[in-house]
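Engineer: Please read through the structure below; I'll follow up with questions.
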Amino acid sequence: MKKRLVIISVVGLTLLAIAGAFIHQYQHGRVNAPANALLVLKLYRHAGSWVFDDARFGLVKEPFVAGTPEIIDKMVEDVPNSDQGFRLIFSASPFPDYEVKLVWTRGQDTGNWYYCEKYDIEGWLCPAMYKYYEEAPKELYAKAEAL
């Protein structure tokens, strides 16, 4: 009985420590997703640009710029009603049926440049990426889906 109580206490304390670490990251403005985590954002058009919102971080109409909109345009060619919004699934690790692979080429200013071989386009990702990753991933994998 005593051994069981010790095991339950250790498991409980471990879970509390994990939850505390996640809450700390969340309160400090980032998720720090594990490399194999799938993340999802809803992208939509606003004022001619692809944008997204993430209330967790106070991001509203956060735009994609400098080549990245062109990559997105190619990704959504077959996604119905994508201008009204679509689901972007992305990860720093490959996942089943991903559509594009982006390879980090260099940092510039506060963002990072990624190359998409499939479309032969380079795009810049702004510092909002650091809300999701502590460091710029060397590769990103993505897929666009209808809502």
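The chains in the structure tokens are called A, B, ... from first to last as shown; in each chain the residues are counted from 1, and the ligands are counted from 1 in the order shown.
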For stretch 95-105 of chain A, work out the shell of residues within 6 Å, counting only C-alpha atoms and skipping chain neighbours fewer than 6 positions away, then give it as a list of chain:residue names.

Structural biologist: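 Contacts, in chain order: A:Trp113, A:Tyr114, A:Tyr115, A:Cys116, A:Lys138, A:Glu139, A:Leu140, A:Tyr141, A:Ala142, A:Lys143.
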
Engineer: Could those residues be written to a file, using C-alpha atoms, as a PDB file, in the first residue's frame?

Structural biologist:
ATOM      1  CA  TRP A 113      14.195  32.247 -45.283  1.00  0.00           C
ATOM      2  CA  TYR A 114      12.959  28.818 -46.403  1.00  0.00           C
ATOM      3  CA  TYR A 115      13.204  27.214 -49.845  1.00  0.00           C
ATOM      4  CA  CYS A 116      10.360  25.147 -51.328  1.00  0.00           C
ATOM      5  CA  LYS A 138      15.910  23.296 -40.354  1.00  0.00           C
ATOM      6  CA  GLU A 139      12.900  21.858 -42.211  1.00  0.00           C
ATOM      7  CA  LEU A 140       9.177  22.501 -42.145  1.00  0.00           C
ATOM      8  CA  TYR A 141       6.496  20.257 -43.632  1.00  0.00           C
ATOM      9  CA  ALA A 142       3.043  21.532 -44.481  1.00  0.00           C
ATOM     10  CA  LYS A 143      -0.333  20.617 -45.927  1.00  0.00           C
TER      11      LYS A 143
END

Engineer: Mind dumping a table of every stretch 100-129 of chain A residue within 8 Å of stretch 63-80 of chain A, with the nearest atom pair and its distance in Å to one decimal, using only C-alpha atoms, sorted by chain and rising number, as CSV?

Structural biologist:
residue,atom,partner,partner_atom,distance
A:Val100,CA,A:Met75,CA,7.9
A:Cys116,CA,A:Ile71,CA,7.5
A:Tyr119,CA,A:Ile71,CA,7.0
A:Ile121,CA,A:Ile71,CA,6.7
A:Glu122,CA,A:Gly67,CA,5.8
A:Gly123,CA,A:Gly67,CA,4.1
A:Trp124,CA,A:Ala66,CA,5.5
A:Leu125,CA,A:Phe64,CA,7.1
A:Cys126,CA,A:Phe64,CA,7.7

Engineer: Between atom CA of A:Gly58 and atom CA of A:Ala146, what is the distance, to one decimal in Å?

Structural biologist: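 Distance reported for this atom pair: 24.6 Å.
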
Engineer: Would you compute the distance between atom CA of A:Glu145 and atom CA of A:Ala55? Give it in Å to one decimal.

Structural biologist: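 Separating atom CA of A:Glu145 from atom CA of A:Ala55 is a distance of 21.2 Å.
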
Engineer: As an exercise, work out the distance from atom CA of A:Ala47 to atom CA of A:Gly111 in Å and give it to one decimal place.

Structural biologist: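 Answer for the atom CA of A:Ala47 to atom CA of A:Gly111 separation: 22.4 Å.
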
Engineer: For A:Leu88, work out the shell of residues within 6 Å, counting only C-alpha atoms and skipping chain neighbours fewer than 6 positions away, then give it as a ChimeraX atom specification.

Structural biologist: /A:40-41,143-144

Engineer: Pick out each residue of stretch 68-132 of chain A that DSSP on the backbone tags as alpha helix (DSSP H); I need them as a list in words.

Structural biologist: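 Everything in stretch 68-132 of chain A that counts as alpha helix (DSSP H) is Thr68, Pro69, Glu70, Ile71, Ile72, Asp73, Lys74 and Met75 of chain A.
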
Engineer: Dump N, CA and C atoms for the selected residues as a PDB file, in the first residue's frame?

Structural biologist:
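Dumped everything to out.pdb:
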ATOM      1  N   THR A  68       6.411  33.858 -49.388  1.00  0.00           N
ATOM      2  CA  THR A  68       5.560  32.864 -48.725  1.00  0.00           C
ATOM      3  C   THR A  68       4.134  32.878 -49.276  1.00  0.00           C
ATOM      4  N   PRO A  69       3.539  34.046 -49.607  1.00  0.00           N
ATOM      5  CA  PRO A  69       2.197  34.013 -50.205  1.00  0.00           C
ATOM      6  C   PRO A  69       2.156  33.221 -51.519  1.00  0.00           C
ATOM      7  N   GLU A  70       3.222  33.288 -52.285  1.00  0.00           N
ATOM      8  CA  GLU A  70       3.261  32.556 -53.551  1.00  0.00           C
ATOM      9  C   GLU A  70       3.297  31.039 -53.306  1.00  0.00           C
ATOM     10  N   ILE A  71       4.010  30.610 -52.270  1.00  0.00           N
ATOM     11  CA  ILE A  71       4.012  29.192 -51.905  1.00  0.00           C
ATOM     12  C   ILE A  71       2.607  28.771 -51.484  1.00  0.00           C
ATOM     13  N   ILE A  72       1.969  29.593 -50.664  1.00  0.00           N
ATOM     14  CA  ILE A  72       0.609  29.289 -50.198  1.00  0.00           C
ATOM     15  C   ILE A  72      -0.358  29.235 -51.381  1.00  0.00           C
ATOM     16  N   ASP A  73      -0.253  30.192 -52.308  1.00  0.00           N
ATOM     17  CA  ASP A  73      -1.124  30.183 -53.494  1.00  0.00           C
ATOM     18  C   ASP A  73      -1.043  28.847 -54.226  1.00  0.00           C
ATOM     19  N   LYS A  74       0.168  28.332 -54.394  1.00  0.00           N
ATOM     20  CA  LYS A  74       0.355  27.039 -55.072  1.00  0.00           C
ATOM     21  C   LYS A  74      -0.260  25.902 -54.244  1.00  0.00           C
ATOM     22  N   MET A  75      -0.094  25.962 -52.946  1.00  0.00           N
ATOM     23  CA  MET A  75      -0.611  24.897 -52.078  1.00  0.00           C
ATOM     24  C   MET A  75      -2.129  24.799 -52.111  1.00  0.00           C
TER      25      MET A  75
END

Engineer: Check the DSSP output for the backbone and give back, as a list in words, the residues of stretch 73-111 of chain A in strand (DSSP E).

Structural biologist: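 Matching residues, listed in order: Phe86, Arg87, Leu88, Ile89, Phe90, Ser91, Val100, Lys101, Leu102, Val103, Trp104, Thr105, Arg106, Gly107, Gln108 and Gly111 of chain A.
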
Engineer: Using C-alpha atoms, can you export the residues from the last selection as a short mmCIF file (atom, residue, chain, number, x, y, z; two decimals), in the first residue's frame?

Structural biologist:
data_model
loop_
_atom_site.label_atom_id
_atom_site.label_comp_id
_atom_site.auth_asym_id
_atom_site.auth_seq_id
_atom_site.Cartn_x
_atom_site.Cartn_y
_atom_site.Cartn_z
CA PHE A 86 -8.34 26.88 -45.03
CA ARG A 87 -6.51 24.75 -42.50
CA LEU A 88 -2.69 24.79 -42.64
CA ILE A 89 -1.14 21.79 -40.91
CA PHE A 90 2.60 22.08 -40.31
CA SER A 91 5.40 20.39 -38.43
CA VAL A 100 5.46 20.71 -49.22
CA LYS A 101 8.83 20.63 -47.55
CA LEU A 102 10.50 23.92 -46.73
CA VAL A 103 14.24 23.91 -46.09
CA TRP A 104 15.88 26.64 -44.00
CA THR A 105 18.41 28.61 -46.04
CA ARG A 106 19.34 31.54 -43.80
CA GLY A 107 18.23 33.98 -41.17
CA GLN A 108 17.66 37.61 -42.05
CA GLY A 111 12.97 36.14 -39.54
#

Engineer: Which is closer to A:Leu38 than all the others in A:Pro94, A:Asn112, A:Gly85, A:Val60, using only C-alpha atoms?

Structural biologist: A:Pro94
